[in-house]
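As stored in structure_8.csv (CSV, C-alpha atoms):
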```
chain,number,residue,atom,x,y,z
A,16,MET,CA,121.6,-0.8,-141.4
A,17,PRO,CA,119.0,2.0,-140.9
A,18,ALA,CA,115.4,1.2,-140.1
A,19,SER,CA,113.2,0.1,-143.0
A,20,SER,CA,111.3,2.7,-145.0
A,21,GLY,CA,107.9,3.7,-143.6
A,22,HIS,CA,109.1,3.6,-140.0
A,23,ARG,CA,110.1,6.9,-138.4
A,24,LEU,CA,113.6,6.5,-136.8
A,25,VAL,CA,113.4,6.5,-133.0
A,26,VAL,CA,116.5,7.5,-131.1
A,27,ALA,CA,116.4,6.9,-127.3
A,28,VAL,CA,118.7,8.8,-125.0
A,29,GLY,CA,119.3,7.0,-121.7
A,30,VAL,CA,122.5,8.7,-120.5
A,31,PRO,CA,122.8,9.9,-116.9
A,32,TYR,CA,123.7,13.4,-117.9
A,33,SER,CA,122.0,16.6,-116.7
A,34,ASP,CA,118.7,17.7,-118.1
A,35,ALA,CA,120.5,20.5,-120.0
A,36,LEU,CA,123.0,18.1,-121.6
A,37,ARG,CA,120.3,15.7,-122.6
A,38,ARG,CA,118.4,18.6,-124.3
A,39,GLU,CA,121.6,19.4,-126.1
A,40,ILE,CA,121.9,15.8,-127.3
A,41,ALA,CA,118.4,15.9,-128.6
A,42,GLN,CA,119.1,19.1,-130.5
A,43,GLU,CA,122.3,17.6,-132.0
A,44,VAL,CA,120.4,14.4,-133.0
A,45,ALA,CA,117.7,16.6,-134.6
A,46,ARG,CA,120.3,18.4,-136.6
A,47,VAL,CA,121.7,15.1,-138.0
A,48,ALA,CA,118.4,13.4,-138.4
A,49,PRO,CA,115.6,16.0,-138.7
A,50,ASP,CA,112.9,13.4,-139.3
A,51,ALA,CA,113.8,11.2,-136.3
A,52,GLU,CA,111.9,11.1,-133.0
A,53,VAL,CA,114.3,11.7,-130.0
A,54,ARG,CA,113.0,10.0,-126.9
A,55,ASP,CA,114.5,10.8,-123.4
A,56,ILE,CA,114.3,7.6,-121.3
A,57,ALA,CA,117.0,8.4,-118.8
A,58,ALA,CA,114.6,8.8,-115.9
A,59,LEU,CA,112.9,5.5,-116.7
A,60,VAL,CA,116.2,3.6,-116.9
A,61,ARG,CA,117.4,5.2,-113.7
A,62,GLU,CA,114.2,4.3,-111.8
A,63,GLU,CA,114.3,0.6,-112.9
A,64,ARG,CA,117.9,0.3,-112.0
A,65,ARG,CA,117.2,1.8,-108.6
A,66,LEU,CA,114.4,-0.6,-107.8
A,67,ARG,CA,116.5,-3.6,-109.0
A,68,ARG,CA,119.4,-2.6,-106.8
A,69,GLU,CA,117.1,-2.3,-103.7
A,70,GLY,CA,115.8,-5.8,-104.1
A,71,PRO,CA,112.4,-7.4,-104.7
A,72,GLN,CA,109.9,-4.6,-105.3
A,73,GLY,CA,106.9,-6.4,-106.6
A,74,GLU,CA,104.4,-3.9,-108.1
A,75,ALA,CA,106.8,-1.0,-108.2
A,76,LEU,CA,109.4,-2.8,-110.2
A,77,ALA,CA,106.8,-4.3,-112.5
A,78,LYS,CA,105.4,-0.9,-113.2
A,79,ALA,CA,108.8,0.6,-113.8
A,80,LYS,CA,109.7,-2.2,-116.2
A,81,ALA,CA,106.4,-1.9,-118.1
A,82,ASP,CA,106.9,1.9,-118.4
A,83,LEU,CA,110.4,1.4,-119.9
A,84,ASP,CA,109.3,-1.5,-122.1
A,85,LYS,CA,106.7,0.8,-123.7
A,86,GLN,CA,109.3,3.3,-124.6
A,87,LEU,CA,111.8,0.7,-125.9
A,88,ALA,CA,109.3,-1.2,-128.1
A,89,ASP,CA,110.0,0.8,-131.3
A,90,VAL,CA,113.5,2.2,-130.6
A,91,ASP,CA,116.0,1.8,-133.4
A,92,VAL,CA,119.0,3.5,-131.8
A,93,LEU,CA,120.0,3.8,-128.1
A,94,PHE,CA,122.5,6.2,-126.6
A,95,THR,CA,123.2,5.2,-123.0
A,96,LEU,CA,125.5,4.1,-120.2
A,97,PRO,CA,123.8,1.6,-118.1
A,98,VAL,CA,122.7,-1.6,-119.9
A,99,VAL,CA,119.0,-2.4,-119.8
A,100,PRO,CA,118.5,-6.1,-118.7
A,101,ASP,CA,117.2,-8.3,-121.6
A,102,LEU,CA,117.7,-5.4,-124.0
A,103,PRO,CA,117.3,-7.3,-127.2
A,104,ALA,CA,114.0,-8.8,-126.2
A,105,ARG,CA,112.6,-5.5,-124.8
A,106,ALA,CA,113.7,-3.5,-127.8
A,107,PRO,CA,113.0,-5.8,-130.8
A,108,ARG,CA,113.6,-3.0,-133.4
A,109,LEU,CA,117.0,-2.0,-131.9
A,110,ARG,CA,119.8,-2.1,-134.4
A,111,TRP,CA,122.5,-0.1,-132.7
A,112,VAL,CA,123.4,0.9,-129.1
A,113,HIS,CA,126.2,3.3,-128.2
A,114,PHE,CA,127.6,3.2,-124.7
A,115,ILE,CA,129.3,6.4,-123.3
A,116,SER,CA,131.9,4.4,-121.4
A,117,ALA,CA,135.3,3.6,-122.9
A,118,GLY,CA,135.0,-0.1,-122.1
A,119,VAL,CA,131.9,-2.3,-122.4
A,120,ASP,CA,132.9,-5.4,-120.4
A,121,HIS,CA,130.5,-4.4,-117.6
A,122,VAL,CA,127.5,-3.9,-119.9
A,123,MET,CA,128.0,-6.7,-122.5
A,124,THR,CA,125.4,-9.3,-121.7
A,125,GLN,CA,125.2,-12.6,-123.4
A,126,GLU,CA,121.9,-11.6,-124.9
A,127,LEU,CA,123.5,-8.6,-126.5
A,128,VAL,CA,126.5,-10.6,-127.8
A,129,ARG,CA,124.2,-13.1,-129.5
A,130,SER,CA,121.9,-10.4,-131.0
A,131,PRO,CA,122.4,-8.7,-134.4
A,132,ILE,CA,122.6,-5.3,-132.5
A,133,GLN,CA,125.7,-3.3,-133.4
A,134,VAL,CA,127.5,-1.9,-130.3
A,135,THR,CA,129.8,1.1,-130.2
A,136,ASP,CA,131.7,2.7,-127.3
A,137,SER,CA,133.5,5.9,-126.5
A,138,GLY,CA,137.0,4.5,-126.3
A,139,GLY,CA,139.8,6.9,-127.1
A,140,ILE,CA,138.1,10.0,-125.8
A,141,THR,CA,139.5,9.5,-122.3
A,142,SER,CA,142.8,8.0,-123.3
A,143,VAL,CA,144.9,11.2,-122.7
A,144,GLY,CA,143.4,11.8,-119.3
A,145,MET,CA,143.9,8.2,-118.2
A,146,ALA,CA,147.5,8.3,-119.4
A,147,GLU,CA,148.0,11.5,-117.4
A,148,TYR,CA,146.6,9.7,-114.4
A,149,ALA,CA,149.1,6.8,-114.9
A,150,LEU,CA,152.0,9.3,-115.2
A,151,GLY,CA,150.7,11.2,-112.1
A,152,VAL,CA,150.9,8.0,-110.1
A,153,MET,CA,154.3,7.2,-111.4
A,154,LEU,CA,155.5,10.7,-110.3
A,155,LEU,CA,153.8,10.2,-106.9
A,156,PHE,CA,156.0,7.1,-106.4
A,157,ALA,CA,159.2,8.6,-107.9
A,158,LYS,CA,158.9,11.8,-105.8
A,159,ARG,CA,157.7,9.9,-102.7
A,160,LEU,CA,154.9,12.4,-102.3
A,161,TRP,CA,152.8,10.1,-100.1
A,162,THR,CA,155.5,10.3,-97.4
A,163,TYR,CA,155.4,14.1,-97.3
A,164,GLU,CA,151.6,14.0,-97.1
A,165,ARG,CA,151.9,11.8,-94.0
A,166,GLN,CA,154.4,14.2,-92.5
A,167,LYS,CA,152.1,17.1,-93.1
A,168,ARG,CA,149.3,15.4,-91.2
A,169,LYS,CA,151.7,15.0,-88.3
A,170,ARG,CA,153.1,18.5,-88.6
A,171,GLU,CA,156.6,17.0,-89.1
A,172,TRP,CA,159.4,18.6,-91.1
A,173,ARG,CA,161.9,15.9,-92.1
A,174,LYS,CA,163.7,16.0,-95.4
A,175,GLU,CA,166.0,13.1,-94.7
A,176,ASP,CA,163.3,10.4,-94.6
A,177,VAL,CA,163.2,9.8,-98.3
A,178,ILE,CA,165.2,10.7,-101.4
A,179,PRO,CA,163.1,11.3,-104.6
A,180,VAL,CA,164.2,9.9,-107.9
A,181,GLU,CA,163.7,11.0,-111.5
A,182,LEU,CA,161.5,9.3,-114.0
A,183,HIS,CA,164.2,10.3,-116.6
A,184,GLY,CA,166.3,7.4,-117.6
A,185,HIS,CA,164.0,4.8,-116.1
A,186,THR,CA,161.9,2.3,-118.0
A,187,VAL,CA,158.2,1.9,-118.2
A,188,GLY,CA,156.6,-1.3,-119.5
A,189,ILE,CA,153.1,-1.1,-120.9
A,190,LEU,CA,150.9,-4.1,-121.0
A,191,GLY,CA,148.2,-3.3,-123.6
A,192,VAL,CA,149.4,-0.8,-126.1
A,193,GLY,CA,146.1,0.5,-127.4
A,194,GLY,CA,144.7,4.0,-127.2
A,195,ILE,CA,145.6,4.5,-123.5
A,196,GLY,CA,148.9,2.7,-123.7
A,197,LEU,CA,150.1,4.8,-126.7
A,198,GLN,CA,149.3,7.9,-124.8
A,199,VAL,CA,151.2,6.6,-121.7
A,200,ALA,CA,154.2,6.0,-124.1
A,201,ARG,CA,154.0,9.6,-125.5
A,202,LEU,CA,154.0,11.2,-122.0
A,203,ALA,CA,156.7,8.9,-120.7
A,204,LYS,CA,159.0,9.8,-123.6
A,205,ALA,CA,158.5,13.5,-122.7
A,206,PHE,CA,160.0,12.6,-119.3
A,207,GLY,CA,163.0,10.9,-121.0
A,208,MET,CA,161.9,7.4,-120.1
A,209,ARG,CA,162.6,4.2,-122.1
A,210,VAL,CA,159.3,2.6,-123.2
A,211,LEU,CA,158.6,-1.1,-123.6
A,212,GLY,CA,155.3,-2.5,-124.7
A,213,VAL,CA,153.6,-5.8,-125.0
A,214,ARG,CA,150.7,-6.0,-127.5
A,215,ARG,CA,148.5,-8.8,-128.7
A,216,GLY,CA,149.2,-9.6,-132.3
A,217,THR,CA,152.9,-8.9,-132.1
A,218,THR,CA,154.8,-12.1,-133.0
A,219,ALA,CA,158.4,-11.0,-132.6
A,220,PRO,CA,160.3,-8.1,-130.9
A,221,ASP,CA,159.8,-5.0,-133.0
A,222,ALA,CA,161.9,-1.8,-133.2
A,223,GLY,CA,158.9,0.1,-131.8
A,224,VAL,CA,155.7,1.8,-132.7
A,225,GLY,CA,155.3,5.5,-132.2
A,226,ASP,CA,156.7,6.4,-128.9
A,227,VAL,CA,157.2,2.8,-127.9
A,228,ASP,CA,161.0,2.0,-128.1
A,229,GLU,CA,160.5,-1.7,-128.2
A,230,MET,CA,157.3,-3.7,-128.9
A,231,LEU,CA,157.3,-7.2,-127.6
A,232,PRO,CA,155.0,-10.2,-128.2
A,233,PRO,CA,153.0,-11.6,-125.2
A,234,SER,CA,155.5,-14.5,-124.9
A,235,ALA,CA,158.1,-11.9,-123.9
A,236,LEU,CA,156.0,-10.4,-121.1
A,237,HIS,CA,158.2,-11.7,-118.3
A,238,ASP,CA,161.3,-10.3,-120.1
A,239,MET,CA,159.6,-6.8,-120.2
A,240,LEU,CA,158.6,-7.0,-116.5
A,241,GLY,CA,162.2,-7.8,-115.5
A,242,ARG,CA,163.4,-4.7,-117.3
A,243,SER,CA,160.8,-2.2,-116.2
A,244,ASP,CA,160.9,0.2,-113.2
A,245,TYR,CA,157.2,0.9,-113.7
A,246,VAL,CA,154.6,-1.4,-115.2
A,247,VAL,CA,151.3,0.1,-116.5
A,248,ILE,CA,148.4,-2.2,-117.2
A,249,ALA,CA,146.0,-0.8,-119.8
A,250,LEU,CA,144.1,-4.0,-120.8
A,251,PRO,CA,140.3,-4.4,-121.2
A,252,ALA,CA,138.5,-7.1,-119.3
A,253,THR,CA,138.0,-10.2,-121.5
A,254,LYS,CA,138.0,-13.9,-121.0
A,255,ASP,CA,141.7,-13.9,-122.3
A,256,THR,CA,142.8,-11.2,-119.8
A,257,GLU,CA,141.1,-12.7,-116.7
A,258,ARG,CA,143.8,-12.9,-114.0
A,259,LEU,CA,146.4,-12.6,-116.7
A,260,PHE,CA,148.7,-10.8,-114.2
A,261,GLY,CA,149.3,-13.2,-111.3
A,262,GLU,CA,152.0,-14.5,-109.0
A,263,ARG,CA,154.5,-15.4,-111.8
A,264,GLU,CA,154.2,-12.0,-113.3
A,265,LEU,CA,154.5,-10.2,-110.0
A,266,ARG,CA,157.6,-12.2,-109.1
A,267,ALA,CA,159.1,-11.4,-112.5
A,268,MET,CA,159.0,-7.7,-111.7
A,269,LYS,CA,161.9,-5.9,-109.9
A,270,PRO,CA,161.6,-5.6,-106.1
A,271,SER,CA,162.0,-1.8,-106.7
A,272,ALA,CA,159.3,-1.6,-109.4
A,273,TYR,CA,155.8,-0.2,-109.2
A,274,LEU,CA,152.6,-1.5,-110.8
A,275,VAL,CA,150.0,0.9,-112.1
A,276,ASN,CA,146.6,-0.4,-113.2
A,277,VAL,CA,144.2,1.8,-115.2
A,278,GLY,CA,142.8,-1.1,-117.3
A,279,ARG,CA,140.5,-3.5,-115.4
A,280,GLY,CA,140.8,-5.0,-112.0
A,281,SER,CA,140.0,-8.5,-113.3
A,282,VAL,CA,143.3,-8.5,-115.1
A,283,VAL,CA,145.2,-8.8,-111.8
A,284,ASP,CA,145.1,-11.7,-109.4
A,285,GLU,CA,144.3,-9.6,-106.4
A,286,PRO,CA,145.2,-12.0,-103.6
A,287,ALA,CA,148.6,-12.5,-105.3
A,288,LEU,CA,149.0,-8.7,-105.5
A,289,VAL,CA,148.3,-8.4,-101.8
A,290,ARG,CA,151.0,-10.9,-101.0
A,291,ALA,CA,153.4,-9.2,-103.4
A,292,LEU,CA,152.9,-5.9,-101.6
A,293,LYS,CA,153.1,-7.3,-98.1
A,294,GLU,CA,156.1,-9.5,-98.8
A,295,GLY,CA,158.1,-7.0,-100.9
A,296,TRP,CA,158.1,-8.7,-104.3
A,297,ILE,CA,157.4,-5.2,-105.7
A,298,ALA,CA,157.8,-1.7,-104.2
A,299,GLY,CA,154.2,-0.6,-104.5
A,300,ALA,CA,151.1,-0.3,-106.6
A,301,GLY,CA,148.8,2.5,-107.9
A,302,LEU,CA,145.3,1.1,-108.4
A,303,ASP,CA,142.3,2.7,-110.0
A,304,VAL,CA,140.5,-0.5,-110.7
A,305,PHE,CA,139.7,-3.6,-108.7
A,306,ALA,CA,138.4,-7.1,-109.0
A,307,ARG,CA,135.3,-6.1,-107.1
A,308,GLU,CA,133.9,-2.6,-107.2
A,309,PRO,CA,133.3,-0.9,-104.8
A,310,LEU,CA,136.3,-2.4,-103.1
A,311,PRO,CA,135.0,-4.4,-100.1
A,312,PRO,CA,135.8,-2.8,-96.7
A,313,GLU,CA,137.5,-6.1,-95.7
A,314,SER,CA,140.1,-5.9,-98.5
A,315,GLU,CA,143.7,-5.8,-97.2
A,316,LEU,CA,144.5,-3.3,-99.9
A,317,TRP,CA,142.9,-0.5,-97.8
A,318,GLY,CA,145.6,-0.9,-95.1
A,319,LEU,CA,148.7,-1.4,-97.1
A,320,PRO,CA,151.1,1.7,-96.9
A,321,ASN,CA,152.7,1.0,-100.3
A,322,VAL,CA,149.3,1.3,-102.2
A,323,TYR,CA,147.9,4.4,-103.7
A,324,MET,CA,144.3,3.8,-104.7
A,325,THR,CA,141.3,5.7,-106.3
A,326,PRO,CA,137.7,4.5,-106.9
A,327,HIS,CA,137.8,4.0,-110.7
A,328,VAL,CA,138.1,7.7,-111.5
A,329,SER,CA,140.9,7.9,-114.0
A,330,GLY,CA,138.5,8.2,-116.9
A,331,ASN,CA,136.1,10.5,-115.1
A,332,LEU,CA,137.1,13.8,-116.8
A,333,LEU,CA,135.6,17.2,-116.9
A,334,GLY,CA,134.4,18.1,-120.4
A,335,VAL,CA,134.2,14.7,-122.0
A,336,GLU,CA,130.5,15.0,-122.8
A,337,PRO,CA,130.8,17.2,-125.9
A,338,PRO,CA,133.3,14.8,-127.7
A,339,ILE,CA,131.2,11.8,-126.8
A,340,MET,CA,128.1,13.5,-128.2
A,341,ALA,CA,130.1,14.4,-131.3
A,342,LEU,CA,131.2,10.8,-131.8
A,343,PHE,CA,127.6,9.6,-131.4
A,344,CYS,CA,126.2,12.1,-133.8
A,345,ASP,CA,128.9,11.4,-136.4
A,346,ASN,CA,128.0,7.7,-136.1
A,347,LEU,CA,124.4,8.5,-136.4
A,348,ARG,CA,125.1,10.2,-139.7
A,349,ARG,CA,127.1,7.1,-140.7
A,350,TYR,CA,124.3,4.9,-139.6
A,351,LEU,CA,121.7,6.8,-141.7
A,352,ALA,CA,124.1,6.6,-144.7
A,353,GLY,CA,124.8,2.9,-144.3
A,354,GLU,CA,128.5,3.5,-143.6
A,355,PRO,CA,130.6,1.6,-141.1
A,356,LEU,CA,130.4,2.9,-137.6
A,357,LYS,CA,133.4,4.2,-135.6
A,358,ASN,CA,134.4,2.5,-132.4
A,359,LEU,CA,132.5,-0.6,-133.4
A,360,VAL,CA,132.9,-3.3,-130.7
A,361,ASN,CA,133.8,-6.9,-131.5
A,362,LYS,CA,131.2,-8.4,-129.3
A,363,GLU,CA,132.8,-11.8,-129.1
A,364,ALA,CA,136.2,-10.3,-128.1
A,365,GLY,CA,134.7,-7.8,-125.7
A,366,TYR,CA,136.3,-4.7,-127.0
```
Represent the structure of the file as structure tokens.
Amino acid sequence: MPASSGHRLVVAVGVPYSDALRREIAQEVARVAPDAEVRDIAALVREERRLRREGPQGEALAKAKADLDKQLADVDVLFTLPVVPDLPARAPRLRWVHFISAGVDHVMTQELVRSPIQVTDSGGITSVGMAEYALGVMLLFAKRLWTYERQKRKREWRKEDVIPVELHGHTVGILGVGGIGLQVARLAKAFGMRVLGVRRGTTAPDAGVGDVDEMLPPSALHDMLGRSDYVVIALPATKDTERLFGERELRAMKPSAYLVNVGRGSVVDEPALVRALKEGWIAGAGLDVFAREPLPPESELWGLPNVYMTPHVSGNLLGVEPPIMALFCDNLRRYLAGEPLKNLVNKEAGY
């Protein structure tokens, strides 16, 4: 609910955008809520985070914390990416926080979960781009593009080393048929693929949803894996998905199949995945997310020739700021009108 009468609404902006974009956000907020105070706290949030990362700072950290606390004391609405430690205690008037990320598992503290603060995210805005990434990785494997890149580095011309295949006629299995998964299905159908999906809440095999030819319950996961040439994981990180994809699931896949993970690294048992890749349980993996990020230098994944990997960039897309700003401003209008917010996070479930 909006702040009580007699108190001027305070909207704090802590996003790590450019100065120009933050000014644009302030202008848009002023258009939706002309009487609100818009407070730019991005520099203060950034400074406190920097000092915390660098270790014990004594006076410097205490001052940074005090400066930010002063700005948070009467904030009603927060638009940010990084979570502020102990946010509910430091912002006692806060009623709603919007995170610019699509997932909130990395920012959802226990204090925030237990508080009455509403949490919204920007899920859905990057779904198409992340699905395109997944299809791009599938094409990379199907067309054996990494082999030709290695030949290029060696100035070699050999067409007989590999024979590319088509995606057409092959099967993709999607674990987590939400916004990203549905977009993967749409693009896969355009390539003439058969699409299988496993989605929570499905209790029996279904004729399909949208571009998914066959929707299966979680109990049929291994059946889906055994029928799929490509498996795309698009699950959030929750206590229920922690290491959900382990040795049994990897062994259920075809030896010729590829795994693509654009969800969260915690969903996959990484040591089991390393074994699967080294011992040939599966043909390869395209990974944008990992159990630990940044991926430690000692991880064996770095040296495996059948792994394509990127540093969690599938959702980093040019031009996403305007739709995120539009979502926030629409929700601000809803907040002021006492209407339900879009993209409201179930704090207990984690998404």
So that I can check the surroundings of range 332-335 of chain A, please list as a ChimeraX atom specification every protein, DNA and RNA residue that reaches within 9 Å of it, counting all atoms listed in the file and ignoring chain neighbours fewer than 3 positions away.
/A:140-141,144-145,328-329,338-340
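Interatomic distance, CA of Ile40 in chain A against CA of Leu66 in chain A: 26.6 Å.
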What's the separation between CA of Asn321 in chain A and CA of Gly299 in chain A, in Å to one decimal place?
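Interatomic distance here is 4.7 Å.
Taking all atoms listed in the file into account, Gly278 in chain A lies nearest to A:Ala146 out of the set A:Leu292, A:Ala341, A:Val152, A:Ala146.
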Gap from CA of Leu316 in chain A to CA of Ile297 in chain A - Å, one decimal:
14.3 Å
Show which residues sit within 6 Å of Gly191 in chain A, as a PyMOL selection string. Count only C-alpha atoms, and ignore same-chain residues fewer than 4 positions away.
chain A and resi 214+249-250
Residue list as a VMD selection string for point (155.7, -12.8, -114.0), cut-off 9 Å, all atoms listed in the file:
chain A and resid 236 to 238 240 to 241 260 to 268
Those residues you just picked out, can you put them in a file as a PDB file, keeping the file's coordinate frame with C-alpha atoms?
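Ended up saving to result-v1.pdb:
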```pdb
ATOM      1  CA  LEU A 236     156.000 -10.400-121.100  1.00  0.00           C
ATOM      2  CA  HIS A 237     158.200 -11.700-118.300  1.00  0.00           C
ATOM      3  CA  ASP A 238     161.300 -10.300-120.100  1.00  0.00           C
ATOM      4  CA  LEU A 240     158.600  -7.000-116.500  1.00  0.00           C
ATOM      5  CA  GLY A 241     162.200  -7.800-115.500  1.00  0.00           C
ATOM      6  CA  PHE A 260     148.700 -10.800-114.200  1.00  0.00           C
ATOM      7  CA  GLY A 261     149.300 -13.200-111.300  1.00  0.00           C
ATOM      8  CA  GLU A 262     152.000 -14.500-109.000  1.00  0.00           C
ATOM      9  CA  ARG A 263     154.500 -15.400-111.800  1.00  0.00           C
ATOM     10  CA  GLU A 264     154.200 -12.000-113.300  1.00  0.00           C
ATOM     11  CA  LEU A 265     154.500 -10.200-110.000  1.00  0.00           C
ATOM     12  CA  ARG A 266     157.600 -12.200-109.100  1.00  0.00           C
ATOM     13  CA  ALA A 267     159.100 -11.400-112.500  1.00  0.00           C
ATOM     14  CA  MET A 268     159.000  -7.700-111.700  1.00  0.00           C
TER      15      MET A 268
END
```
From the list A:Val44, A:Lys174, A:Gly29, A:Ser116, which residue is nearest Leu83 in chain A when using only C-alpha atoms?
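Of A:Val44, A:Lys174, A:Gly29, A:Ser116, the one nearest Leu83 in chain A is A:Gly29, counting only C-alpha atoms.
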Option closest in space to Ala35 in chain A, from A:Asp284, A:Glu336, A:Asp221, A:Glu62 [counting only C-alpha atoms]
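Under the stated criterion, the closest residue is A:Glu336.
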Show me, as a VMD selection string, the residues that have an atom within 12 Å of Thr186 in chain A when counting only C-alpha atoms, minus same-chain residues fewer than 6 positions from it.
chain A and resid 153 200 203 to 204 206 to 212 227 to 229 239 to 247 269 272 to 273
Would you put the residues from that selection into a file with C-alpha atoms, as a short mmCIF file (atom, residue, chain, number, x, y, z; two decimals), in the coordinates of the input?
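Written output follows (again-v8.cif):
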```cif
data_model
loop_
_atom_site.label_atom_id
_atom_site.label_comp_id
_atom_site.auth_asym_id
_atom_site.auth_seq_id
_atom_site.Cartn_x
_atom_site.Cartn_y
_atom_site.Cartn_z
CA MET A 153 154.30 7.20 -111.40
CA ALA A 200 154.20 6.00 -124.10
CA ALA A 203 156.70 8.90 -120.70
CA LYS A 204 159.00 9.80 -123.60
CA PHE A 206 160.00 12.60 -119.30
CA GLY A 207 163.00 10.90 -121.00
CA MET A 208 161.90 7.40 -120.10
CA ARG A 209 162.60 4.20 -122.10
CA VAL A 210 159.30 2.60 -123.20
CA LEU A 211 158.60 -1.10 -123.60
CA GLY A 212 155.30 -2.50 -124.70
CA VAL A 227 157.20 2.80 -127.90
CA ASP A 228 161.00 2.00 -128.10
CA GLU A 229 160.50 -1.70 -128.20
CA MET A 239 159.60 -6.80 -120.20
CA LEU A 240 158.60 -7.00 -116.50
CA GLY A 241 162.20 -7.80 -115.50
CA ARG A 242 163.40 -4.70 -117.30
CA SER A 243 160.80 -2.20 -116.20
CA ASP A 244 160.90 0.20 -113.20
CA TYR A 245 157.20 0.90 -113.70
CA VAL A 246 154.60 -1.40 -115.20
CA VAL A 247 151.30 0.10 -116.50
CA LYS A 269 161.90 -5.90 -109.90
CA ALA A 272 159.30 -1.60 -109.40
CA TYR A 273 155.80 -0.20 -109.20
#
```
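Each of A:His185, A:Lys167, A:His113, A:Arg290 was checked against Lys357 in chain A using all atoms listed in the file; the smallest atom-to-atom distance is that of A:His113.
Every protein, DNA or RNA residue with an atom at most 12 Å from Met324 in chain A, where all atoms listed in the file count and chain neighbours fewer than 3 positions away do not, is listed here: Tyr148, Ala149, Val152, Leu155, Trp161, Leu274, Val275, Asn276, Val277, Gly280, Gly299, Ala300, Gly301, Leu302, Asp303, Val304, Phe305, Pro309, Leu310, Leu316, Trp317, Gly318, Leu319, Pro320, Asn321, His327, Val328 and Ser329 of chain A.
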